[in-house]
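Shown below: run25.txt, with compact mmCIF, C-alpha atoms.
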```
# COMPACT_ATOMS: atom_id res chain seq x y z
CA MET A 26 65.59 172.68 52.68
CA LYS A 27 65.93 171.60 56.31
CA LYS A 28 62.83 173.63 57.19
CA ILE A 29 60.81 171.88 54.45
CA LYS A 30 61.93 168.45 55.68
CA LEU A 31 61.07 169.37 59.27
CA ASN A 32 57.61 170.62 58.22
CA LEU A 33 57.00 167.39 56.26
CA LEU A 34 58.05 165.33 59.26
CA LEU A 35 55.79 167.31 61.61
CA ASN A 36 52.85 166.98 59.23
CA PHE A 37 53.17 163.20 58.87
CA PHE A 38 54.07 162.43 62.50
CA PRO A 39 50.42 162.40 63.71
CA LEU A 40 49.58 159.88 60.96
CA PHE A 41 52.56 157.74 62.00
CA LEU A 42 51.36 157.78 65.61
CA PHE A 43 47.82 156.88 64.57
CA PHE A 44 48.89 153.89 62.45
CA THR A 45 51.41 152.57 64.98
CA SER A 46 48.90 152.87 67.82
CA CYS A 47 46.56 150.61 65.83
CA THR A 48 49.10 147.80 65.57
CA PRO A 49 47.58 144.60 67.01
CA THR A 50 49.58 143.31 69.97
CA SER A 51 49.57 140.44 72.44
CA ASN A 52 51.56 139.51 75.52
CA LEU A 53 53.92 136.57 75.93
CA THR A 54 53.85 134.51 79.13
CA ASN A 55 56.57 136.66 80.75
CA GLY A 56 54.62 139.86 79.92
CA THR A 57 56.65 140.94 76.89
CA LYS A 58 54.40 142.81 74.47
CA VAL A 59 54.71 141.63 70.83
CA ILE A 60 53.11 142.52 67.53
CA SER A 61 50.56 139.79 66.84
CA LYS A 62 50.36 140.14 63.06
CA LYS A 63 52.84 138.65 60.57
CA PHE A 64 55.74 140.81 59.47
CA LYS A 65 54.96 142.12 55.98
CA ASN A 66 58.48 141.53 54.58
CA ILE A 67 58.55 137.81 55.42
CA ASN A 68 57.61 137.17 51.79
CA LYS A 69 61.07 138.56 50.84
CA PHE A 70 62.85 135.86 52.86
CA ASP A 71 64.94 133.34 51.00
CA LYS A 72 67.47 130.88 52.36
CA THR A 73 70.42 132.88 51.02
CA SER A 74 69.63 135.51 53.69
CA LEU A 75 70.98 132.98 56.21
CA LYS A 76 73.87 131.75 54.05
CA ASN A 77 76.58 133.07 56.39
CA ILE A 78 74.65 132.72 59.67
CA ASP A 79 74.82 129.52 61.71
CA THR A 80 71.25 128.86 62.91
CA ASN A 81 72.59 126.25 65.36
CA TYR A 82 74.22 128.94 67.52
CA PHE A 83 73.20 132.01 69.46
CA TYR A 84 74.78 135.33 68.59
CA GLU A 85 75.70 137.41 71.63
CA MET A 86 76.01 141.21 71.63
CA VAL A 87 79.60 142.28 72.26
CA ASP A 88 79.45 146.02 71.47
CA SER A 89 77.16 148.91 70.59
CA TYR A 90 78.29 152.23 69.16
CA MET A 91 77.44 155.10 66.85
CA ALA A 92 78.50 154.42 63.25
CA ASP A 93 78.30 155.90 59.80
CA ILE A 94 76.19 154.31 57.06
CA ASN A 95 79.13 151.98 56.25
CA PHE A 96 79.15 150.49 59.80
CA SER A 97 82.40 152.34 60.71
CA LYS A 98 82.56 153.27 64.38
CA ILE A 99 82.32 157.00 65.07
CA ARG A 100 82.06 156.91 68.87
CA ASP A 101 81.14 154.69 71.80
CA VAL A 102 77.72 154.97 73.43
CA GLY A 103 78.42 153.16 76.68
CA GLU A 104 77.14 149.89 78.05
CA ASP A 105 73.91 148.39 76.82
CA VAL A 106 71.72 145.57 78.10
CA PRO A 107 73.37 142.23 77.16
CA ARG A 108 71.37 140.53 74.41
CA LYS A 109 71.33 137.40 72.29
CA ILE A 110 69.85 136.56 68.92
CA GLN A 111 68.38 133.24 67.83
CA PHE A 112 67.94 132.72 64.08
CA TYR A 113 65.40 130.23 62.75
CA LYS A 114 65.72 128.42 59.40
CA ASN A 115 62.34 129.83 58.27
CA GLY A 116 63.58 133.45 58.43
CA ARG A 117 62.31 134.28 61.89
CA VAL A 118 64.59 135.96 64.42
CA ARG A 119 64.27 136.24 68.19
CA PHE A 120 66.08 138.75 70.41
CA PHE A 121 66.24 138.38 74.16
CA SER A 122 68.10 139.74 77.14
CA PHE A 123 70.25 137.53 79.33
CA GLY A 124 68.27 136.11 82.22
CA ILE A 125 65.01 136.31 80.25
CA GLU A 126 65.74 133.33 78.05
CA ASP A 127 63.23 130.59 77.37
CA ALA A 128 63.13 127.85 74.75
CA ASN A 129 59.50 128.56 73.91
CA PRO A 130 58.96 131.76 71.84
CA LEU A 131 55.49 132.08 73.37
CA ASN A 132 57.12 132.68 76.76
CA ALA A 133 59.88 135.23 76.07
CA GLY A 134 61.78 137.16 73.41
CA THR A 135 61.29 139.99 70.98
CA ARG A 136 60.35 138.95 67.47
CA GLY A 137 61.75 139.77 64.06
CA ILE A 138 62.42 138.45 60.56
CA ILE A 139 65.42 138.39 58.22
CA TYR A 140 65.09 138.98 54.49
CA LYS A 141 66.71 140.43 51.40
CA ASN A 142 65.93 143.89 50.12
CA ASN A 143 67.57 144.27 46.70
CA ASN A 144 71.17 143.16 47.35
CA SER A 145 71.21 143.82 51.09
CA ILE A 146 70.16 141.77 54.10
CA ARG A 147 67.75 143.37 56.55
CA ILE A 148 66.05 142.45 59.80
CA ASP A 149 62.66 143.87 60.71
CA PHE A 150 62.17 143.77 64.47
CA THR A 151 59.64 144.77 67.09
CA ASN A 152 60.59 148.04 68.71
CA ALA A 153 58.86 150.35 71.18
CA ASP A 154 58.81 154.08 71.76
CA GLN A 155 59.06 155.72 75.18
CA ASP A 156 55.32 155.26 75.75
CA GLY A 157 55.52 151.52 75.06
CA THR A 158 53.81 151.76 71.68
CA LEU A 159 55.09 148.97 69.43
CA PHE A 160 56.26 149.48 65.85
CA VAL A 161 58.47 147.67 63.36
CA GLY A 162 62.06 148.89 63.12
CA THR A 163 64.65 147.84 60.55
CA TYR A 164 68.32 146.89 60.74
CA GLN A 165 70.75 146.84 57.84
CA VAL A 166 72.86 143.66 58.30
CA LYS A 167 76.54 143.09 57.65
CA ILE A 168 78.11 139.66 58.24
CA GLU A 169 81.84 139.11 58.65
CA ASN A 170 82.97 135.61 59.63
CA ASP A 171 81.39 134.90 63.05
CA LYS A 172 80.24 138.49 63.61
CA ILE A 173 76.98 140.15 62.67
CA TYR A 174 76.57 143.93 62.63
CA LEU A 175 73.11 145.49 62.88
CA LEU A 176 72.79 149.14 61.83
CA GLU A 177 69.48 150.61 62.98
CA LEU A 178 67.86 152.49 60.11
CA PRO A 179 65.71 155.57 60.73
CA GLY A 180 61.94 155.21 60.60
CA THR A 181 61.77 157.87 57.92
CA PHE A 182 63.93 158.63 54.95
CA LEU A 183 62.98 162.30 54.75
CA PHE A 184 66.41 163.10 56.13
CA LYS A 185 69.62 161.10 56.32
CA PRO A 186 71.25 161.07 59.77
CA SER A 187 75.02 161.41 60.11
CA GLU A 188 75.14 158.68 62.77
CA TYR A 189 73.36 155.37 63.30
CA ILE A 190 73.33 153.03 66.28
CA CYS A 191 75.21 149.85 65.46
CA TYR A 192 75.10 146.58 67.42
CA GLU A 193 77.88 144.02 67.06
CA TYR A 194 77.05 140.36 67.75
CA LYS A 195 79.40 137.39 67.85
CA LYS A 196 78.60 133.70 67.43
CA SER A 197 78.49 132.19 70.92
CA ASN A 198 77.14 128.98 72.45
CA LYS A 199 75.22 126.23 70.68
CA ILE A 200 71.43 126.31 70.82
CA PRO A 201 70.12 123.34 72.83
CA GLU A 202 68.24 120.81 70.69
CA ASN A 203 65.00 121.17 72.69
CA TRP A 204 64.88 124.86 71.69
CA LYS A 205 64.43 123.79 68.06
CA GLU A 206 61.20 121.91 68.83
CA TYR A 207 59.16 125.12 69.09
CA SER A 208 57.38 126.79 66.20
CA SER A 209 58.36 130.29 65.07
CA GLU A 210 55.50 131.65 63.00
CA TRP A 211 55.38 135.39 63.44
```

What would the structure in this file look like if it were written as structure tokens?
Amino acid sequence: MKKIKLNLLLNFFPLFLFFTSCTPTSNLTNGTKVISKKFKNINKFDKTSLKNIDTNYFYEMVDSYMADINFSKIRDVGEDVPRKIQFYKNGRVRFFSFGIEDANPLNAGTRGIIYKNNNSIRIDFTNADQDGTLFVGTYQVKIENDKIYLLELPGTFLFKPSEYICYEYKKSNKIPENWKEYSSEW
């Protein structure tokens, strides 16, 4: 069975590379490469996706670890680059690293969207492989009080991994009012 799954993966990998290499991109002012087309799942956004998220605050990463499919920590992975998330009321999401923050989304940040898929909340986000090729990744989202957990889902469902990378974010400082003046239409 494992051999069949591996053969399927190897057969479809060239197609995956072809389609992801054709993704239209552009550069922000600070040089960050972003996907320049709209995220396809934005049509699944509804306001209940943000019901337990305060869009007036940043969420700051406090931990990253390997977890099972239920978000339970299996093991630590070590330190990661400190990050923040900004949620917009229209379902857009922006990730950025500390020190590379800017109010204007055209200047800095990695883009994403939040939406519902059946009964679960997901975030599609811009990701890159080792060669810098951009593609859309997906997080499964769990919200508990002022914490948000993002479980990175595999790009293929041909096999189910035993571990997933999980990022834990905590509500932090208030978003300055002038940050809300900028459009977020990705």

Which residues come within 10 Å of Asn142 (chain A), counting all atoms listed in the file, excluding same-chain residues fewer than 3 positions away, as a compact mmCIF listing (two decimals) with C-alpha atoms, in the frame of the given file?
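File result_16.txt, as written:
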```txt
# COMPACT_ATOMS: atom_id res chain seq x y z
CA ASN A 66 58.48 141.53 54.58
CA LYS A 69 61.07 138.56 50.84
CA PHE A 70 62.85 135.86 52.86
CA SER A 74 69.63 135.51 53.69
CA ILE A 139 65.42 138.39 58.22
CA SER A 145 71.21 143.82 51.09
CA ILE A 146 70.16 141.77 54.10
CA ARG A 147 67.75 143.37 56.55
CA ILE A 148 66.05 142.45 59.80
CA GLN A 165 70.75 146.84 57.84
```

A:Asp101, A:Arg136, A:Gly124, A:Ile110 ranked by distance to Glu210 (chain A), top pick (using only C-alpha atoms)
A:Arg136

Could you give me, as CSV, every region 68-167 of chain A residue with an atom at most 8 Å from region 172-190 of chain A, plus its closest atom pair and distance in Å to one decimal, counting only C-alpha atoms, rows ordered by chain then number?
```
residue,atom,partner,partner_atom,distance
A:Tyr84,CA,A:Ile173,CA,7.9
A:Ser89,CA,A:Ile190,CA,7.1
A:Tyr90,CA,A:Ile190,CA,5.8
A:Met91,CA,A:Ile190,CA,4.6
A:Ala92,CA,A:Tyr189,CA,5.2
A:Asp93,CA,A:Glu188,CA,5.2
A:Ile94,CA,A:Tyr189,CA,6.9
A:Phe96,CA,A:Leu176,CA,6.8
A:Ile99,CA,A:Glu188,CA,7.7
A:Gly162,CA,A:Gly180,CA,6.8
A:Thr163,CA,A:Leu178,CA,5.7
A:Tyr164,CA,A:Glu177,CA,4.5
A:Gln165,CA,A:Leu176,CA,5.0
A:Val166,CA,A:Leu175,CA,4.9
A:Lys167,CA,A:Tyr174,CA,5.1
```

Same residues, C-alpha atoms, saved as a PDB file, keeping the file's coordinate frame:
```pdb
ATOM      1  CA  TYR A  84      74.780 135.330  68.590  1.00  0.00           C
ATOM      2  CA  SER A  89      77.160 148.910  70.590  1.00  0.00           C
ATOM      3  CA  TYR A  90      78.290 152.230  69.160  1.00  0.00           C
ATOM      4  CA  MET A  91      77.440 155.100  66.850  1.00  0.00           C
ATOM      5  CA  ALA A  92      78.500 154.420  63.250  1.00  0.00           C
ATOM      6  CA  ASP A  93      78.300 155.900  59.800  1.00  0.00           C
ATOM      7  CA  ILE A  94      76.190 154.310  57.060  1.00  0.00           C
ATOM      8  CA  PHE A  96      79.150 150.490  59.800  1.00  0.00           C
ATOM      9  CA  ILE A  99      82.320 157.000  65.070  1.00  0.00           C
ATOM     10  CA  GLY A 162      62.060 148.890  63.120  1.00  0.00           C
ATOM     11  CA  THR A 163      64.650 147.840  60.550  1.00  0.00           C
ATOM     12  CA  TYR A 164      68.320 146.890  60.740  1.00  0.00           C
ATOM     13  CA  GLN A 165      70.750 146.840  57.840  1.00  0.00           C
ATOM     14  CA  VAL A 166      72.860 143.660  58.300  1.00  0.00           C
ATOM     15  CA  LYS A 167      76.540 143.090  57.650  1.00  0.00           C
TER      16      LYS A 167
END
```

Coordinates-based distance that separates CA of Asn68 (chain A) from CA of Glu206 (chain A) (Å, one decimal):
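A separation of 23.2 Å between them.
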
Option closest in space to Tyr207 (chain A), from A:Ile168, A:Tyr194, A:Tyr113, A:Ile125 [counting only C-alpha atoms]
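Ranked by minimum distance to Tyr207 (chain A), first place goes to A:Tyr113.
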
Mind giving me the straight-line distance from CA of Lys195 (chain A) to CA of Arg108 (chain A) in Å, one decimal?
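Between CA of Lys195 (chain A) and CA of Arg108 (chain A) the gap is 10.8 Å.
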
Your completed region 92-123 of chain A with N, CA and C atoms, as an mmCIF file, in the frame of the given file:
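File part_2.cif, as written:
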```cif
data_model
loop_
_atom_site.group_PDB
_atom_site.id
_atom_site.type_symbol
_atom_site.label_atom_id
_atom_site.label_comp_id
_atom_site.auth_asym_id
_atom_site.auth_seq_id
_atom_site.Cartn_x
_atom_site.Cartn_y
_atom_site.Cartn_z
ATOM 1 N N ALA A 92 77.739 154.722 64.465
ATOM 2 C CA ALA A 92 78.500 154.420 63.250
ATOM 3 C C ALA A 92 77.989 155.259 62.091
ATOM 4 N N ASP A 93 78.786 155.290 61.031
ATOM 5 C CA ASP A 93 78.300 155.900 59.800
ATOM 6 C C ASP A 93 77.523 154.857 59.010
ATOM 7 N N ILE A 94 77.028 155.217 57.852
ATOM 8 C CA ILE A 94 76.190 154.310 57.060
ATOM 9 C C ILE A 94 76.962 153.072 56.595
ATOM 10 N N ASN A 95 78.291 153.113 56.656
ATOM 11 C CA ASN A 95 79.130 151.980 56.250
ATOM 12 C C ASN A 95 79.559 151.117 57.438
ATOM 13 N N PHE A 96 78.904 151.265 58.585
ATOM 14 C CA PHE A 96 79.150 150.490 59.800
ATOM 15 C C PHE A 96 80.455 150.870 60.505
ATOM 16 N N SER A 97 81.136 151.922 60.081
ATOM 17 C CA SER A 97 82.400 152.340 60.710
ATOM 18 C C SER A 97 82.107 153.087 62.001
ATOM 19 N N LYS A 98 82.786 152.680 63.058
ATOM 20 C CA LYS A 98 82.560 153.270 64.380
ATOM 21 C C LYS A 98 82.963 154.742 64.394
ATOM 22 N N ILE A 99 82.063 155.574 64.906
ATOM 23 C CA ILE A 99 82.320 157.000 65.070
ATOM 24 C C ILE A 99 82.661 157.281 66.536
ATOM 25 N N ARG A 100 81.839 156.701 67.434
ATOM 26 C CA ARG A 100 82.060 156.910 68.870
ATOM 27 C C ARG A 100 81.334 155.839 69.666
ATOM 28 N N ASP A 101 81.793 155.631 70.897
ATOM 29 C CA ASP A 101 81.140 154.690 71.800
ATOM 30 C C ASP A 101 79.886 155.316 72.388
ATOM 31 N N VAL A 102 78.938 154.469 72.785
ATOM 32 C CA VAL A 102 77.720 154.970 73.430
ATOM 33 C C VAL A 102 77.582 154.477 74.861
ATOM 34 N N GLY A 103 78.499 153.689 75.320
ATOM 35 C CA GLY A 103 78.420 153.160 76.680
ATOM 36 C C GLY A 103 77.809 151.782 76.703
ATOM 37 N N GLU A 104 77.647 151.252 77.881
ATOM 38 C CA GLU A 104 77.140 149.890 78.050
ATOM 39 C C GLU A 104 75.673 149.799 77.688
ATOM 40 N N ASP A 105 75.302 148.658 77.160
ATOM 41 C CA ASP A 105 73.910 148.390 76.820
ATOM 42 C C ASP A 105 73.507 147.094 77.514
ATOM 43 N N VAL A 106 72.230 146.805 77.516
ATOM 44 C CA VAL A 106 71.720 145.570 78.100
ATOM 45 C C VAL A 106 72.262 144.399 77.278
ATOM 46 N N PRO A 107 72.869 143.386 77.927
ATOM 47 C CA PRO A 107 73.370 142.230 77.160
ATOM 48 C C PRO A 107 72.223 141.487 76.478
ATOM 49 N N ARG A 108 72.419 141.179 75.201
ATOM 50 C CA ARG A 108 71.370 140.530 74.410
ATOM 51 C C ARG A 108 71.935 139.365 73.619
ATOM 52 N N LYS A 109 71.013 138.508 73.184
ATOM 53 C CA LYS A 109 71.330 137.400 72.290
ATOM 54 C C LYS A 109 70.331 137.395 71.156
ATOM 55 N N ILE A 110 70.751 136.760 70.049
ATOM 56 C CA ILE A 110 69.850 136.560 68.920
ATOM 57 C C ILE A 110 69.783 135.070 68.623
ATOM 58 N N GLN A 111 68.592 134.600 68.327
ATOM 59 C CA GLN A 111 68.380 133.240 67.830
ATOM 60 C C GLN A 111 67.791 133.361 66.441
ATOM 61 N N PHE A 112 68.433 132.732 65.457
ATOM 62 C CA PHE A 112 67.940 132.720 64.080
ATOM 63 C C PHE A 112 67.269 131.386 63.805
ATOM 64 N N TYR A 113 66.140 131.433 63.123
ATOM 65 C CA TYR A 113 65.400 130.230 62.750
ATOM 66 C C TYR A 113 65.543 130.007 61.245
ATOM 67 N N LYS A 114 65.525 128.767 60.817
ATOM 68 C CA LYS A 114 65.720 128.420 59.400
ATOM 69 C C LYS A 114 64.606 128.947 58.501
ATOM 70 N N ASN A 115 63.454 129.314 59.074
ATOM 71 C CA ASN A 115 62.340 129.830 58.270
ATOM 72 C C ASN A 115 62.350 131.365 58.167
ATOM 73 N N GLY A 116 63.459 131.999 58.560
ATOM 74 C CA GLY A 116 63.580 133.450 58.430
ATOM 75 C C GLY A 116 63.156 134.240 59.641
ATOM 76 N N ARG A 117 62.686 133.564 60.669
ATOM 77 C CA ARG A 117 62.310 134.280 61.890
ATOM 78 C C ARG A 117 63.550 134.505 62.750
ATOM 79 N N VAL A 118 63.492 135.560 63.557
ATOM 80 C CA VAL A 118 64.590 135.960 64.420
ATOM 81 C C VAL A 118 64.005 136.274 65.789
ATOM 82 N N ARG A 119 64.731 135.915 66.839
ATOM 83 C CA ARG A 119 64.270 136.240 68.190
ATOM 84 C C ARG A 119 65.407 136.880 68.969
ATOM 85 N N PHE A 120 65.139 138.033 69.564
ATOM 86 C CA PHE A 120 66.080 138.750 70.410
ATOM 87 C C PHE A 120 65.646 138.567 71.854
ATOM 88 N N PHE A 121 66.592 138.378 72.745
ATOM 89 C CA PHE A 121 66.240 138.380 74.160
ATOM 90 C C PHE A 121 67.416 138.789 75.006
ATOM 91 N N SER A 122 67.098 139.308 76.187
ATOM 92 C CA SER A 122 68.100 139.740 77.140
ATOM 93 C C SER A 122 68.531 138.561 77.997
ATOM 94 N N PHE A 123 69.778 138.595 78.445
ATOM 95 C CA PHE A 123 70.250 137.530 79.330
ATOM 96 C C PHE A 123 69.385 137.480 80.578
#
```
